[in-house]
Structure formats: structure tokens, C-alpha cells
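Have a look at the structure below before the remarks.
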Amino acid sequence: MSEIRRWEVGFSQMNENDQGEFITWNDHCAALKAARNELPDVGSWSPEPKFKIGDRVQWDKDFGTVAEVAEPDEKLSLCREPYYVNVNWDDGNFGTVRSSDLSLCVPPSPAELIPTLKEHEWVNGTYKTGTGFGPFSVYYDEVGAKMAGDNYLIHWNTGAILDTLATLERCDPPEVK
């Protein structure tokens, strides 16, 4: 922006200033516009929504799943925050909440979840190989190892947590027909 002509305010006219102390507002805006045009086009300047359909979210003590992300009205807002999110709550209700009031629920890793599991809770998951398993009930076998189905979750002898799991989550018991 050093090539922009700068002006100082005189008593009756605008005089060119060699020291560059003053600049007119119109010149400043024109220089900014030119500078923006020189930048590579990387798409929209507004941020992407932080929630997408299917995300687990929390609002106060309520948990739910995002059903719809409402786009902001471009005439009313120059930025995408806050936008509104329609949520199916776990208690069966449906509601609309501002995105700034929600937080994303990140499921715990298997290593974080396994120590918190109680006996007779139901879990399912996948191995790092991609093979799925479950639903299985958590139990302690005859030697004291925490297991789910045929899977050692915590080994009885070493106390090591199973590290071959990619995902593990609590689930509802299967329906018996």
C-alpha cells in the first residue's frame, strides 16, 4: 500500500503529502479492494458450520442428534455465526437451538471407555482391521478379566486395556423375539 497517494488536510483544499501521514477514506477503501483482488480465490470467506447432520450435540444437560442445519439469512447477517440447528433430543423432543449454545459431543476412545464400563452393560465396536463385533454384555470371566463376548477388554493378569479396538460404544441390548 506504499504506492497509494497520501493527502494531508489543508485549510481550503487537499494537499499532497510527501510524508504519508494522511489518506482519504475513498483511497483507503480502493486500496483494500485492490489488495483483496490480488489474493488467490479460496472460496467463501465465511467459516463452515461446525455442526453437520448426524453429529451428537449437547445443550446444558440435554443430548441429541443434529437433524438439520439452517443457513443464515444473508440479508440479515454477514457472517455464518450464529446459525440455527434443529436437534432430535434423546428424550424424544425436537427443538431449534443457536449453534453458539451447542457443544459437539466427541465419543470417548476405547481406552477411556473400558475402565468406566460396569458389569452387564451392552457394548459394540470395531477392530482396527475393520471387523465389527457386538452387541455383547460386559462381564468378568472366571479369572477376573473384563470381557465383552470373546474379547478381553482388560486382561486379568497384566491389567492392560485391549489396544486392537478402533471403536467401542455403549448400546442397547438386542431385542429378543
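By order of appearance in the C-alpha cells: chains A, B, ..., then residues from 1 within every chain, and ligands from 1 in the order shown.
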
Find the nearest atom pair between each residue of range 99-120 of chain A and range 150-154 of chain A for residues within 10 Å, count only C-alpha atoms, give distances in Å to one decimal, sort rows by chain and ascending number, and present the table as a tab-separated table.
residue	atom	partner	partner_atom	distance
A:Pro110	CA	A:Leu153	CA	9.0
A:Ala111	CA	A:Leu153	CA	9.1
A:Ile114	CA	A:Leu153	CA	6.6
A:Pro115	CA	A:Ile154	CA	8.1
A:Leu117	CA	A:Leu153	CA	9.8

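Non-sequential neighbours of Glu121 in chain A (distance at most 12 Å, separation of 2 or more positions within a chain, only C-alpha atoms) are Leu113, Ile114, Thr116, Leu117, Lys118, Glu119, Val123, Asn124, Gly134, Pro135, Phe136, Ser137, Val138, Tyr139, Tyr140, Lys146, Met147, Ala148, Gly149, Glu169, Arg170, Cys171, Asp172, Pro173 and Pro174 of chain A.
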
Selection export as a CSV table (one decimal), in the first residue's frame, atoms kept: C-alpha atoms:
chain,number,residue,atom,x,y,z
A,113,LEU,CA,-14.5,-46.0,27.9
A,114,ILE,CA,-13.4,-49.5,29.0
A,116,THR,CA,-15.9,-46.9,33.1
A,117,LEU,CA,-17.9,-49.9,31.9
A,118,LYS,CA,-19.9,-51.7,34.6
A,119,GLU,CA,-20.8,-55.4,34.5
A,123,VAL,CA,-21.3,-52.6,24.0
A,124,ASN,CA,-20.5,-53.0,20.4
A,134,GLY,CA,-21.4,-57.0,19.3
A,135,PRO,CA,-23.7,-56.2,20.9
A,136,PHE,CA,-22.1,-58.0,23.8
A,137,SER,CA,-22.7,-57.8,27.5
A,138,VAL,CA,-19.7,-56.8,29.7
A,139,TYR,CA,-18.8,-59.4,32.3
A,140,TYR,CA,-15.9,-60.7,34.4
A,146,LYS,CA,-13.2,-57.8,32.0
A,147,MET,CA,-14.7,-59.2,28.7
A,148,ALA,CA,-17.3,-58.5,26.1
A,149,GLY,CA,-18.2,-61.6,24.3
A,169,GLU,CA,-19.6,-47.7,22.4
A,170,ARG,CA,-22.4,-48.4,24.8
A,171,CYS,CA,-25.5,-49.7,23.1
A,172,ASP,CA,-29.0,-51.1,23.9
A,173,PRO,CA,-29.4,-54.8,24.4
A,174,PRO,CA,-30.6,-56.8,21.4

In terms of the shortest atom-to-atom distance over only C-alpha atoms, which of A:Glu142, A:Lys177, A:Gly64, A:Thr129 is closest to Asp163 in chain A?
A:Thr129

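Across the model, the gap from CA of Leu168 in chain A to CA of Tyr127 in chain A is 8.9 Å.
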
Gap from CA of Thr65 in chain A to CA of Leu165 in chain A - Å, one decimal
24.6 Å

List the spatial neighbours of Ala70 in chain A as a list of chain:residue names - criterion: any atom at most 7 Å away, only C-alpha atoms, same-chain residues fewer than 4 positions off excluded.
A:Tyr83, A:Tyr84, A:Val85

In Å, how far is it from CA of Thr158 in chain A to CA of Ala145 in chain A?
9.7 Å

Using only C-alpha atoms, which of the listed residues (A:Phe63, A:Cys29, A:Gly54, A:Gly132) sits closest to Gly92 in chain A?
A:Phe63

Would you mind listing what lies within 12 Å of Gly130 in chain A as a ChimeraX atom specification, with only C-alpha atoms counted and same-chain residues fewer than 6 positions away left out?
/A:164-167
